[in-house]
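**Q** What follows is a single structure, and I will ask about it in a moment.
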Amino acid sequence: MSLQSTVAASDALANRRVIVTGGARGLGADFVEKLAACGAQVVFGDVLHDEGRRLAERLGANVHYAALDLADPASIDAFVQTAAQRLGGIDALINNAAITNSGGRLAGELSLETWDAVMNVNVRGSWRMCVAALPFLCESACGAVVNIASDTALWGAPKLLAYVASKGAVIAMTRSLAREFGAHGITVNAIAPGLTEVEATAYVPAERHAYYQQGRALARAQVPGDVTGPVLFLLSDAARFVTGQVLPVNGGFVMN
Ligand code: NAD
């Protein structure tokens, strides 16, 4: 998706106050950049402070970086308070940050520490972000949460158990929170991307990329812009009656 078509498709996001976790690189950085191009006001957080500050500097006055460690509940609360203060409220939360850590190991080879670390960031962190942002989302006329899951949780990727289980939990949490937050007019949806070409997946062997590509109805490599368009849609007024849904974005590798 080009920057131009993003802007044309999403004029409705001008001045939308959006917070993004894990926005310093990868998919999150693409969300931040394209939200900014749509005229949204963005605060994003990450543990990669240099990358985060550099991106915010490059994107200009409507984009701000603040430190955020999802493994630390106090850091989550501080980030949300800082963001709400800077933006004058919060309309939307994109729970994007996650760690994989468990790649390449069989279920029996995973350590308890790895399991707990992955769950703490991916599941507990996303939950605490939702809870911290809720009072601000309640004040918004267009409150929306988009959780970034993974299609690995839909088809059961092997040798990635902690990550896959964490993304399954993110999907279940999305559905439950949609019902709770719906009472306040807030939508909660999840996107389940397929393997996407970013820095973090550069370690994945070429034959694995080829396997995914061949399994897609649209047999090409997946790039961050493929995911950003659907995220922007779920934040837009066009999607105000869409909630509790999980949208696979993977060129048809997995179909609902
Ligand atoms: P990435 O590693 O580039 O991005 C994750 C970001 O989260 C990084 O900037 C990282 O520093 C940040 N982060 C990690 N731990 C954090 C913490 N404790 N607190 C705050 N921030 C933290 O990877 P990505 O591929 O861009 O992934 C983005 C999202 O998309 C993740 O939820 C991932 O699971 C999901 N996803 C990615 C793919 C893919 O193939 N790239 C496929 C499916 C789902």
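In the structure tokens, chains take the letters A, B, ... in the order shown, each chain's residues start at 1, and ligands count up from 1 in the order shown.
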Give me, as a PyMOL selection string, the set of residues whose atoms come within 8 Å of any atom of ligand 1, counting only C-alpha atoms and all ligand atoms.
**A** chain A and resi 21-29+45-48+67-72+95-100+121-122+125+147-152+163+167+192-201+224
**Q** Running DSSP on the backbone, which parts of region 41-82 of chain A land in strand (DSSP E or B), as number ranges by chain?
**A** A: 41-46, 63-67
**Q** Based on DSSP run over this structure's backbone, return all residues of region 88-222 of chain A in helix (DSSP H, G or I), as a ChimeraX atom specification.
**A** /A:107-109,112-139,152-155,161-182,199-201,206-215
**Q** So, counting only C-alpha atoms, which residue among A:His49, A:Arg179, A:Lys159, A:His184 is closest to Tyr65 (chain A)?
**A**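 Closest candidate: A:His49.
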**Q** With only C-alpha atoms as the atoms that count, which of A:Gly103, A:Gly108, A:Tyr211, A:Ala36 lies nearest to Arg58 (chain A)?
**A**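 Nearest candidate to Arg58 (chain A) out of A:Gly103, A:Gly108, A:Tyr211, A:Ala36: A:Ala36.
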**Q** Looking at A:Pro73, A:Pro205, A:Pro135, A:Gly251, which one is nearest to Asp226 (chain A), with distances taken over only C-alpha atoms?
**A**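 Among A:Pro73, A:Pro205, A:Pro135, A:Gly251, it is A:Gly251 that comes nearest to Asp226 (chain A).
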**Q** Which of these residues is nearest to Ala239 (chain A), using only C-alpha atoms: A:Val118, A:Val146, A:Val164, A:Leu177?
**A**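 Under the stated criterion, the closest residue is A:Val146.
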**Q** May I ask for the distance between CA of Val42 (chain A) and CA of Phe181 (chain A), given in Å to one decimal place?
**A** 21.9 Å
**Q** Quick one: pull the distance between CA of Asn120 (chain A) and CA of Ser166 (chain A), Å, one decimal.
**A**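 Separation between CA of Asn120 (chain A) and CA of Ser166 (chain A): 9.1 Å.
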**Q** Mind giving me the straight-line distance from CA of Ser75 (chain A) to CA of Val63 (chain A) in Å, one decimal?
**A**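 Computing it gives 19.6 Å between the two atoms.
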